[in-house]
>>> print(open('coords14.pdb').read())   # PDB, C-alpha atoms and all ligand atoms
MODEL        1
ATOM      1  CA  MET A 147     -46.782   9.613 -41.701
ATOM      2  CA  VAL A 148     -45.034   7.357 -39.197
ATOM      3  CA  ASP A 149     -41.478   6.343 -40.050
ATOM      4  CA  LEU A 150     -40.964   2.635 -40.556
ATOM      5  CA  PRO A 151     -38.137   0.794 -38.843
ATOM      6  CA  PHE A 152     -35.272  -0.124 -41.171
ATOM      7  CA  THR A 153     -32.227  -2.340 -41.136
ATOM      8  CA  PHE A 154     -28.887  -2.216 -42.820
ATOM      9  CA  THR A 155     -25.850  -4.420 -42.634
ATOM     10  CA  LEU A 156     -22.382  -3.450 -41.570
ATOM     11  CA  PRO A 157     -20.380  -6.471 -42.588
ATOM     12  CA  THR A 158     -16.832  -6.937 -41.371
ATOM     13  CA  PRO A 159     -14.103  -6.910 -42.552
ATOM     14  CA  GLN A 160     -15.889  -4.772 -45.178
ATOM     15  CA  VAL A 161     -16.659  -1.594 -43.251
ATOM     16  CA  ILE A 162     -18.668   0.474 -45.703
ATOM     17  CA  PRO A 163     -22.359   0.270 -44.687
ATOM     18  CA  SER A 164     -24.806  -1.184 -47.197
ATOM     19  CA  LYS A 165     -26.925   1.946 -46.772
ATOM     20  CA  VAL A 166     -25.128   5.256 -47.272
ATOM     21  CA  ASP A 167     -26.831   8.620 -47.744
ATOM     22  CA  ASN A 168     -23.780  10.841 -47.663
ATOM     23  CA  HIS A 169     -20.070  10.237 -48.184
ATOM     24  CA  ILE A 170     -17.649  12.879 -46.895
ATOM     25  CA  GLU A 171     -13.971  12.950 -47.840
ATOM     26  CA  ARG A 172     -11.693  15.232 -45.858
ATOM     27  CA  ARG A 173      -8.341  15.974 -47.391
ATOM     28  CA  LEU A 174      -5.236  17.642 -45.994
ATOM     29  CA  SER A 175      -6.234  21.039 -47.450
ATOM     30  CA  ALA A 176      -9.366  21.012 -45.257
ATOM     31  CA  MET A 177      -7.172  20.661 -42.141
ATOM     32  CA  GLN A 178      -5.322  23.986 -42.468
ATOM     33  CA  GLY A 179      -4.006  25.127 -39.064
ATOM     34  CA  GLN A 180      -4.955  21.907 -37.268
ATOM     35  CA  PHE A 181      -1.586  20.155 -37.213
ATOM     36  CA  LEU A 182       1.183  21.548 -35.031
ATOM     37  CA  ASP A 183       3.972  21.356 -37.608
ATOM     38  CA  GLN A 184       2.928  23.940 -40.214
ATOM     39  CA  GLU A 185       6.097  23.426 -42.242
ATOM     40  CA  ALA A 186       5.509  19.664 -42.520
ATOM     41  CA  PHE A 187       1.878  20.418 -43.423
ATOM     42  CA  ASN A 188       2.855  22.804 -46.246
ATOM     43  CA  LYS A 189       5.484  20.406 -47.545
ATOM     44  CA  MET A 190       3.049  17.482 -47.633
ATOM     45  CA  LEU A 191       0.355  19.608 -49.283
ATOM     46  CA  SER A 192       2.772  20.781 -51.987
ATOM     47  CA  VAL A 193       3.279  17.143 -52.976
ATOM     48  CA  GLU A 194      -0.299  15.853 -52.705
ATOM     49  CA  ASP A 195      -3.624  16.780 -51.113
ATOM     50  CA  ARG A 196      -3.750  13.519 -49.159
ATOM     51  CA  LEU A 197      -7.040  11.933 -48.124
ATOM     52  CA  ILE A 198      -7.004  12.021 -44.297
ATOM     53  CA  TYR A 199     -10.430  10.592 -43.421
ATOM     54  CA  GLN A 200     -13.837   9.651 -44.759
ATOM     55  CA  VAL A 201     -17.288   9.489 -43.225
ATOM     56  CA  TYR A 202     -20.256   7.418 -44.438
ATOM     57  CA  GLU A 203     -23.450   8.918 -43.043
ATOM     58  CA  ILE A 204     -26.911   7.430 -42.728
ATOM     59  CA  LYS A 205     -29.195  10.451 -42.841
ATOM     60  CA  ARG A 206     -32.230  11.106 -40.655
ATOM     61  CA  PRO A 207     -34.173  14.311 -40.071
ATOM     62  CA  GLU A 208     -32.026  16.562 -37.878
ATOM     63  CA  VAL A 209     -34.605  16.904 -35.121
ATOM     64  CA  GLU A 210     -34.816  15.923 -31.463
ATOM     65  CA  GLY A 211     -35.769  12.274 -31.014
ATOM     66  CA  GLU A 212     -33.921  11.083 -34.125
ATOM     67  CA  LEU A 213     -30.434   9.541 -34.120
ATOM     68  CA  LEU A 214     -27.707   9.997 -36.737
ATOM     69  CA  MET A 215     -25.225   7.249 -37.358
ATOM     70  CA  GLY A 216     -22.420   6.354 -39.648
ATOM     71  CA  VAL A 217     -18.909   5.062 -40.063
ATOM     72  CA  SER A 218     -15.754   7.137 -39.769
ATOM     73  CA  ILE A 219     -12.523   5.935 -41.395
ATOM     74  CA  VAL A 220      -9.294   7.717 -40.486
ATOM     75  CA  HIS A 221      -6.380   6.682 -42.683
ATOM     76  CA  PRO A 222      -2.878   6.024 -41.365
ATOM     77  CA  GLY A 223      -0.245   8.732 -41.739
ATOM     78  CA  LYS A 224       1.438  11.639 -40.000
ATOM     79  CA  VAL A 225       2.032  15.349 -40.482
ATOM     80  CA  GLY A 226       5.446  15.833 -38.896
ATOM     81  CA  SER A 227       5.204  13.631 -35.814
ATOM     82  CA  GLU A 228       1.436  14.096 -35.387
ATOM     83  CA  PHE A 229      -0.858  11.282 -36.474
ATOM     84  CA  PHE A 230      -3.674  11.789 -38.997
ATOM     85  CA  MET A 231      -6.915  12.760 -37.250
ATOM     86  CA  THR A 232     -10.378  14.190 -37.747
ATOM     87  CA  LYS A 233     -11.028  17.929 -37.468
ATOM     88  CA  GLY A 234     -12.902  17.378 -34.225
ATOM     89  CA  HIS A 235     -15.796  19.412 -32.884
ATOM     90  CA  PHE A 236     -18.131  20.327 -30.066
ATOM     91  CA  HIS A 237     -21.771  19.612 -30.725
ATOM     92  CA  SER A 238     -23.654  22.880 -31.312
ATOM     93  CA  VAL A 239     -26.219  21.613 -28.815
ATOM     94  CA  LEU A 240     -23.564  21.136 -26.150
ATOM     95  CA  GLU A 241     -25.730  18.907 -23.975
ATOM     96  CA  THR A 242     -25.709  16.030 -26.466
ATOM     97  CA  SER A 243     -23.616  12.869 -26.260
ATOM     98  CA  GLU A 244     -22.274  10.299 -28.728
ATOM     99  CA  ILE A 245     -21.353   6.624 -28.840
ATOM    100  CA  TYR A 246     -18.413   5.305 -30.843
ATOM    101  CA  TYR A 247     -17.828   1.617 -31.487
ATOM    102  CA  CYS A 248     -14.381   0.739 -32.797
ATOM    103  CA  LEU A 249     -14.467  -1.811 -35.603
ATOM    104  CA  ARG A 250     -10.878  -1.785 -36.815
ATOM    105  CA  GLY A 251      -7.471  -0.290 -36.289
ATOM    106  CA  GLU A 252      -5.811   1.443 -33.369
ATOM    107  CA  GLY A 253      -6.046   4.988 -32.164
ATOM    108  CA  PHE A 254      -7.341   7.454 -29.638
ATOM    109  CA  MET A 255     -10.295   9.725 -29.042
ATOM    110  CA  VAL A 256      -9.049  13.089 -27.823
ATOM    111  CA  MET A 257     -11.705  14.918 -25.809
ATOM    112  CA  GLU A 258     -12.145  18.078 -23.785
ATOM    113  CA  THR A 259     -14.843  20.213 -22.200
ATOM    114  CA  PRO A 260     -15.243  23.986 -22.547
ATOM    115  CA  GLU A 261     -14.107  24.190 -18.902
ATOM    116  CA  GLY A 262     -10.738  22.634 -19.816
ATOM    117  CA  GLU A 263     -11.140  19.075 -18.564
ATOM    118  CA  THR A 264      -9.356  16.629 -20.875
ATOM    119  CA  SER A 265      -9.565  12.911 -21.590
ATOM    120  CA  VAL A 266      -7.827  10.721 -24.147
ATOM    121  CA  GLU A 267      -9.243   7.204 -24.565
ATOM    122  CA  GLU A 268      -7.598   4.407 -26.493
ATOM    123  CA  LEU A 269      -9.594   2.803 -29.318
ATOM    124  CA  SER A 270      -9.161  -0.769 -30.499
ATOM    125  CA  PRO A 271     -11.551  -3.215 -32.168
ATOM    126  CA  GLY A 272     -14.507  -4.092 -29.963
ATOM    127  CA  LYS A 273     -14.166  -1.061 -27.722
ATOM    128  CA  VAL A 274     -17.219   1.117 -27.135
ATOM    129  CA  LEU A 275     -16.613   4.732 -26.146
ATOM    130  CA  TYR A 276     -19.257   6.925 -24.555
ATOM    131  CA  VAL A 277     -18.650  10.624 -25.171
ATOM    132  CA  PRO A 278     -20.788  12.437 -22.585
ATOM    133  CA  PRO A 279     -22.570  15.739 -23.252
ATOM    134  CA  ARG A 280     -20.250  18.796 -23.447
ATOM    135  CA  TRP A 281     -17.117  16.907 -24.579
ATOM    136  CA  ALA A 282     -15.486  17.925 -27.887
ATOM    137  CA  HIS A 283     -14.064  14.885 -29.686
ATOM    138  CA  ARG A 284     -11.473  14.047 -32.331
ATOM    139  CA  SER A 285     -10.403  10.575 -33.534
ATOM    140  CA  VAL A 286      -6.722   9.903 -34.175
ATOM    141  CA  CYS A 287      -5.380   6.901 -36.124
ATOM    142  CA  THR A 288      -2.135   5.542 -34.718
ATOM    143  CA  SER A 289      -1.921   2.346 -36.774
ATOM    144  CA  ARG A 290       1.000   2.332 -39.188
ATOM    145  CA  GLN A 291      -0.884   0.659 -42.010
ATOM    146  CA  GLU A 292      -4.460   0.084 -40.970
ATOM    147  CA  ASP A 293      -7.400   2.505 -41.015
ATOM    148  CA  LEU A 294      -9.064   3.458 -37.727
ATOM    149  CA  VAL A 295     -12.706   2.547 -38.316
ATOM    150  CA  THR A 296     -15.492   3.506 -35.907
ATOM    151  CA  PHE A 297     -19.265   3.331 -35.979
ATOM    152  CA  PHE A 298     -20.947   6.313 -34.305
ATOM    153  CA  VAL A 299     -24.433   7.300 -33.128
ATOM    154  CA  TYR A 300     -25.547  10.689 -31.826
ATOM    155  CA  PRO A 301     -28.719  12.781 -31.452
ATOM    156  CA  ALA A 302     -29.800  14.146 -34.805
ATOM    157  CA  ASN A 303     -30.338  17.661 -33.469
ATOM    158  CA  ALA A 304     -26.749  17.909 -32.093
ATOM    159  CA  GLY A 305     -25.201  19.957 -34.919
ATOM    160  CA  HIS A 306     -21.453  20.605 -35.194
ATOM    161  CA  ASP A 307     -19.387  23.491 -33.882
ATOM    162  CA  TYR A 308     -16.044  23.234 -35.709
ATOM    163  CA  GLY A 309     -15.076  26.882 -35.201
ATOM    164  CA  THR A 310     -13.986  26.636 -31.565
ATOM    165  CA  ILE A 311     -11.513  23.826 -32.330
ATOM    166  CA  GLU A 312     -10.345  25.499 -35.565
ATOM    167  CA  ARG A 313      -9.455  28.619 -33.565
ATOM    168  CA  GLN A 314      -7.907  26.979 -30.510
ATOM    169  CA  GLY A 315      -7.040  23.373 -31.349
ATOM    170  CA  PHE A 316      -7.350  20.671 -28.692
ATOM    171  CA  ARG A 317      -5.403  20.899 -25.450
ATOM    172  CA  LYS A 318      -3.846  17.472 -26.046
ATOM    173  CA  LEU A 319      -2.077  16.113 -29.135
ATOM    174  CA  VAL A 320      -1.181  12.552 -30.119
ATOM    175  CA  ILE A 321       2.330  12.310 -31.528
ATOM    176  CA  ASP A 322       4.624   9.495 -32.607
ATOM    177  CA  GLY A 323       7.252   9.296 -29.866
ATOM    178  CA  PRO A 324      10.330   7.065 -29.599
ATOM    179  CA  GLY A 325       8.353   4.428 -27.679
ATOM    180  CA  GLY A 326       5.129   4.698 -29.697
ATOM    181  CA  PRO A 327       2.154   7.062 -29.546
ATOM    182  CA  GLU A 328       2.415   9.768 -26.884
ATOM    183  CA  ILE A 329      -0.178  12.165 -25.490
ATOM    184  CA  VAL A 330       1.366  15.607 -25.088
ATOM    185  CA  ASP A 331       0.179  19.118 -24.220
ATOM    186  CA  ASN A 332      -0.492  21.301 -27.240
ATOM    187  CA  PRO A 333       2.197  23.997 -26.993
ATOM    188  CA  ARG A 334       0.116  26.306 -29.205
ATOM    189  CA  TYR A 335      -3.017  26.090 -27.092
ATOM    190  CA  SER A 336      -4.232  29.595 -26.234
TER     191      SER A 336
HETATM  192  C1  LIG B 401     -18.788  11.988 -36.230
HETATM  193  C2  LIG B 401     -17.724  12.830 -36.901
HETATM  194  C3  LIG B 401     -16.797  12.113 -37.833
HETATM  195  C4  LIG B 401     -15.824  13.080 -38.535
HETATM  196  O1  LIG B 401     -19.787  11.717 -37.139
HETATM  197  O2  LIG B 401     -18.406  13.861 -37.561
HETATM  198  O3  LIG B 401     -16.042  11.189 -37.111
HETATM  199  O4  LIG B 401     -15.217  13.986 -37.666
HETATM  200  P1  LIG B 401     -15.417  15.561 -37.837
HETATM  201  O5  LIG B 401     -16.900  15.819 -37.866
HETATM  202  O6  LIG B 401     -14.770  16.158 -36.629
HETATM  203  O7  LIG B 401     -14.796  15.987 -39.126
HETATM  204  C5  LIG B 401     -19.339  12.818 -35.076
HETATM  205  O8  LIG B 401     -18.701  12.968 -34.080
HETATM  206  N1  LIG B 401     -20.502  13.404 -35.257
HETATM  207  O9  LIG B 401     -21.055  14.183 -34.303
HETATM  208 ZN    ZN B 402     -19.754  14.376 -32.706
ENDMDL
END
>>> encode(input="coords14.pdb", output="structure tokens")
Amino acid sequence: MVDLPFTFTLPTPQVIPSKVDNHIERRLSAMQGQFLDQEAFNKMLSVEDRLIYQVYEIKRPEVEGELLMGVSIVHPGKVGSEFFMTKGHFHSVLETSEIYYCLRGEGFMVMETPEGETSVEELSPGKVLYVPPRWAHRSVCTSRQEDLVTFFVYPANAGHDYGTIERQGFRKLVIDGPGGPEIVDNPRYS
């Protein structure tokens, strides 16, 4: 059977798509070991398992030729001086890319290749970011009060490798400095 084309609406300022097949909520407890300041992490977790980000996915078969898309919403907040962020990942099929379109909020996409090249791109409404094949990516919300909302599209066969980032972290971190958000080297990077 041939798939039929379909449409859905993504109205703004409402950012939740009218068609959603899967809703993911990632809380602080799922981010163990990701933030630099472990003490601040433990302290925050002892008070409340805060909601850090959510993803609304539109499902398609996870095969070559298909595209997966959805909306990612990273909430404002910090653990120590580090802004709330997604876990971040490489695609399991490394040679796959991704497009992000920023709908709302302010933040950064922190990226790196397995060879150690790094790039940190600013996100603001209207900005389109192309993440080329091989680049791991993590979104960081630097707004004080507003969510960072992005629409994303990537090949459905890409898969996610979270393990590499869970073990090593990213080489760059986004922290709240005296003059605003700062990109710094991750002192724990091994
Ligand atoms: C996005 C991300 C989404 C959440 O769909 O999955 O922003 O981030 P994590 O997957 O790192 O938790 C994407 O990049 N997919 O490939
Ligand atoms: Zn991805």
>>> closest_residue(input="coords14.pdb", among="A:Lys233, A:His306, A:Lys318, A:Lys273", to="Val256 of chain A", atoms="all atoms listed in the file")
A:Lys318
>>> resolve_selection(input="coords14.pdb", expression="the PyMOL selection byres (((chain A and resi 310) around 10) and not hetatm)", output="VMD selection string")
chain A and resid 234 to 236 260 282 307 to 309 311 to 316
>>> closest_atom_pairs(input="coords14.pdb", of="chain A", to="ligand LIG 401 (chain B)", cutoff="7 Å", atoms="all atoms listed in the file", output="Markdown table")
| residue | atom | partner | partner_atom | distance |
| --- | --- | --- | --- | --- |
| A:Val201 | CA | B:LIG401 | C3 | 6.0 |
| A:Gly216 | CA | B:LIG401 | O1 | 6.5 |
| A:Ser218 | CA | B:LIG401 | O3 | 4.9 |
| A:Thr232 | CA | B:LIG401 | O4 | 4.8 |
| A:Lys233 | CA | B:LIG401 | O6 | 4.2 |
| A:Gly234 | CA | B:LIG401 | O6 | 3.3 |
| A:His235 | CA | B:LIG401 | O6 | 5.1 |
| A:His237 | CA | B:LIG401 | O9 | 6.5 |
| A:Glu244 | CA | B:LIG401 | O9 | 6.9 |
| A:His283 | CA | B:LIG401 | O8 | 6.7 |
| A:Arg284 | CA | B:LIG401 | O6 | 5.8 |
| A:Ser285 | CA | B:LIG401 | O3 | 6.7 |
| A:Phe298 | CA | B:LIG401 | O1 | 6.2 |
| A:Tyr300 | CA | B:LIG401 | O9 | 6.2 |
| A:His306 | CA | B:LIG401 | O9 | 6.5 |
>>> closest_atom_pairs(input="coords14.pdb", of="segment 180-238 of chain A", to="segment 320-330 of chain A", cutoff="7 Å", atoms="all atoms listed in the file", output="tab-separated table")
residue	atom	partner	partner_atom	distance
A:Ser227	CA	A:Asp322	CA	5.3
A:Glu228	CA	A:Ile321	CA	4.3
A:Phe229	CA	A:Ile321	CA	6.0
>>> resolve_selection(input="coords14.pdb", expression="the PyMOL selection byres (((chain A and resi 276) around 12) and not hetatm)", output="number ranges by chain")
A: 242-248, 255, 257, 265, 267, 269, 273-275, 277-281, 283, 297-300
>>> write_last_selection(input="coords14.pdb", atoms="C-alpha atoms", output="short mmCIF file (atom, residue, chain, number, x, y, z; two decimals), in the frame of the given file")
data_model
loop_
_atom_site.label_atom_id
_atom_site.label_comp_id
_atom_site.auth_asym_id
_atom_site.auth_seq_id
_atom_site.Cartn_x
_atom_site.Cartn_y
_atom_site.Cartn_z
CA THR A 242 -25.71 16.03 -26.47
CA SER A 243 -23.62 12.87 -26.26
CA GLU A 244 -22.27 10.30 -28.73
CA ILE A 245 -21.35 6.62 -28.84
CA TYR A 246 -18.41 5.30 -30.84
CA TYR A 247 -17.83 1.62 -31.49
CA CYS A 248 -14.38 0.74 -32.80
CA MET A 255 -10.30 9.72 -29.04
CA MET A 257 -11.70 14.92 -25.81
CA SER A 265 -9.56 12.91 -21.59
CA GLU A 267 -9.24 7.20 -24.56
CA LEU A 269 -9.59 2.80 -29.32
CA LYS A 273 -14.17 -1.06 -27.72
CA VAL A 274 -17.22 1.12 -27.14
CA LEU A 275 -16.61 4.73 -26.15
CA VAL A 277 -18.65 10.62 -25.17
CA PRO A 278 -20.79 12.44 -22.58
CA PRO A 279 -22.57 15.74 -23.25
CA ARG A 280 -20.25 18.80 -23.45
CA TRP A 281 -17.12 16.91 -24.58
CA HIS A 283 -14.06 14.88 -29.69
CA PHE A 297 -19.26 3.33 -35.98
CA PHE A 298 -20.95 6.31 -34.30
CA VAL A 299 -24.43 7.30 -33.13
CA TYR A 300 -25.55 10.69 -31.83
#
>>> residues_around(input="coords14.pdb", residues="Thr153 of chain A", least_positions_apart="3", cutoff="10 Å", atoms="all atoms listed in the file", output="JSON list (two decimals) with C-alpha atoms, keeping the file's coordinate frame")
[["chain", "number", "residue", "atom", "x", "y", "z"],
["A", 156, "LEU", "CA", -22.38, -3.45, -41.57],
["A", 164, "SER", "CA", -24.81, -1.18, -47.20],
["A", 165, "LYS", "CA", -26.92, 1.95, -46.77]]
>>> residues_around(input="coords14.pdb", residues="segment 181-186 of chain A", least_positions_apart="3", cutoff="6 Å", atoms="only C-alpha atoms", output="short mmCIF file (atom, residue, chain, number, x, y, z; two decimals) with C-alpha atoms, in the coordinates of the input")
data_model
loop_
_atom_site.label_atom_id
_atom_site.label_comp_id
_atom_site.auth_asym_id
_atom_site.auth_seq_id
_atom_site.Cartn_x
_atom_site.Cartn_y
_atom_site.Cartn_z
CA LYS A 189 5.48 20.41 -47.54
CA VAL A 225 2.03 15.35 -40.48
CA GLY A 226 5.45 15.83 -38.90
#
>>> residues_near_point(input="coords14.pdb", point="(-22.2, 3.7, -47.5)", cutoff="9 Å", atoms="all atoms listed in the file", output="list in words")
Val161, Ile162, Pro163, Ser164, Lys165, Val166, Asp167, Asn168, His169, Val201, Tyr202, Glu203, Ile204, Gly216 and Val217 of chain A
>>> axis_aligned_box(input="coords14.pdb", around="segment 155-160 of chain A", padding_each_side="4 Å", output="lines of an AutoDock Vina configuration file")
center_x = -20.0
center_y = -5.2
center_z = -43.3
size_x = 19.7
size_y = 11.5
size_z = 11.8
>>> residues_around(input="coords14.pdb", residues="Asp149 of chain A", least_positions_apart="6", cutoff="12 Å", atoms="only C-alpha atoms", output="PyMOL selection string")
chain A and resi 206-207+212
>>> closest_residue(input="coords14.pdb", among="A:Asn303, A:Arg317, A:Gly223, A:Glu194", to="Gly211 of chain A", atoms="all atoms listed in the file")
A:Asn303
>>> atom_distance(input="coords14.pdb", atom1="atom CA of Tyr335 of chain A", atom2="atom CA of Gln180 of chain A")
11.2 Å
>>> closest_residue(input="coords14.pdb", among="A:Glu241, A:Asp293, A:Glu252, A:Glu263", to="ligand ZN 402 (chain B)", atoms="all atoms listed in the file")
A:Glu241
>>> closest_residue(input="coords14.pdb", among="A:Ile170, A:Met190, A:Leu150, A:Leu240", to="ligand ZN 402 (chain B)", atoms="all atoms listed in the file")
A:Leu240
>>> resolve_selection(input="coords14.pdb", expression="the PyMOL selection byres (((chain A and resi 172) around 10) and not hetatm)", output="list in words")
Ile170, Glu171, Arg173, Leu174, Ser175, Ala176, Met177, Asp195, Arg196, Leu197, Ile198, Tyr199, Gln200, Val201, Val220, Thr232 and Lys233 of chain A
>>> closest_residue(input="coords14.pdb", among="A:Val239, A:Met231, A:Val148, A:Val295", to="Val209 of chain A", atoms="only C-alpha atoms")
A:Val239
>>> atom_distance(input="coords14.pdb", atom1="atom CA of Gly262 of chain A", atom2="atom CA of Lys224 of chain A")
26.0 Å
>>> residues_around(input="coords14.pdb", residues="Glu210 of chain A", least_positions_apart="5", cutoff="9 Å", atoms="all atoms listed in the file", output="list in words")
Pro301, Ala302, Asn303 and Ala304 of chain A
>>> atom_distance(input="coords14.pdb", atom1="atom CA of Leu294 of chain A", atom2="atom CA of Leu249 of chain A")
7.8 Å
>>> closest_residue(input="coords14.pdb", among="A:Val193, A:Met215, A:Val286, A:Leu319", to="ligand ZN 402 (chain B)", atoms="all atoms listed in the file")
A:Met215
>>> build_atoms(input="coords14.pdb", residues="segment 304-325 of chain A", atoms="N, CA and C atoms", output="short mmCIF file (atom, residue, chain, number, x, y, z; two decimals), keeping the file's coordinate frame")
data_model
loop_
_atom_site.label_atom_id
_atom_site.label_comp_id
_atom_site.auth_asym_id
_atom_site.auth_seq_id
_atom_site.Cartn_x
_atom_site.Cartn_y
_atom_site.Cartn_z
N ALA A 304 -27.97 17.44 -32.77
CA ALA A 304 -26.75 17.91 -32.09
C ALA A 304 -26.05 19.05 -32.84
N GLY A 305 -25.93 18.95 -34.15
CA GLY A 305 -25.20 19.96 -34.92
C GLY A 305 -23.71 19.92 -34.60
N HIS A 306 -22.91 20.63 -35.38
CA HIS A 306 -21.45 20.60 -35.19
C HIS A 306 -20.89 22.01 -35.09
N ASP A 307 -20.12 22.23 -34.03
CA ASP A 307 -19.39 23.49 -33.88
C ASP A 307 -17.92 23.17 -34.14
N TYR A 308 -17.46 23.47 -35.36
CA TYR A 308 -16.04 23.23 -35.71
C TYR A 308 -15.18 24.45 -35.36
N GLY A 309 -15.82 25.62 -35.32
CA GLY A 309 -15.08 26.88 -35.20
C GLY A 309 -14.20 26.97 -33.96
N THR A 310 -14.74 26.52 -32.82
CA THR A 310 -13.99 26.64 -31.56
C THR A 310 -12.67 25.86 -31.66
N ILE A 311 -12.73 24.65 -32.19
CA ILE A 311 -11.51 23.83 -32.33
C ILE A 311 -10.60 24.41 -33.41
N GLU A 312 -11.18 24.90 -34.51
CA GLU A 312 -10.34 25.50 -35.56
C GLU A 312 -9.53 26.67 -35.01
N ARG A 313 -10.15 27.45 -34.12
CA ARG A 313 -9.46 28.62 -33.56
C ARG A 313 -8.41 28.23 -32.54
N GLN A 314 -8.75 27.25 -31.69
CA GLN A 314 -7.91 26.98 -30.51
C GLN A 314 -7.14 25.66 -30.58
N GLY A 315 -7.59 24.73 -31.39
CA GLY A 315 -7.04 23.37 -31.35
C GLY A 315 -7.53 22.66 -30.10
N PHE A 316 -7.07 21.41 -29.93
CA PHE A 316 -7.35 20.67 -28.69
C PHE A 316 -6.19 20.89 -27.73
N ARG A 317 -6.45 20.73 -26.46
CA ARG A 317 -5.40 20.90 -25.45
C ARG A 317 -4.36 19.78 -25.50
N LYS A 318 -4.77 18.62 -25.98
CA LYS A 318 -3.85 17.47 -26.05
C LYS A 318 -3.63 17.06 -27.50
N LEU A 319 -2.42 16.60 -27.80
CA LEU A 319 -2.08 16.11 -29.14
C LEU A 319 -1.59 14.68 -29.02
N VAL A 320 -1.73 13.91 -30.10
CA VAL A 320 -1.18 12.55 -30.12
C VAL A 320 -0.05 12.53 -31.15
N ILE A 321 1.16 12.30 -30.64
CA ILE A 321 2.33 12.31 -31.53
C ILE A 321 3.05 10.95 -31.49
N ASP A 322 3.86 10.73 -32.51
CA ASP A 322 4.62 9.49 -32.61
C ASP A 322 5.94 9.70 -31.87
N GLY A 323 6.04 9.14 -30.68
CA GLY A 323 7.25 9.30 -29.87
C GLY A 323 8.19 8.11 -30.08
N PRO A 324 9.35 8.16 -29.43
CA PRO A 324 10.33 7.06 -29.60
C PRO A 324 9.77 5.71 -29.17
N GLY A 325 8.90 5.71 -28.16
CA GLY A 325 8.35 4.43 -27.68
C GLY A 325 6.94 4.16 -28.18
#
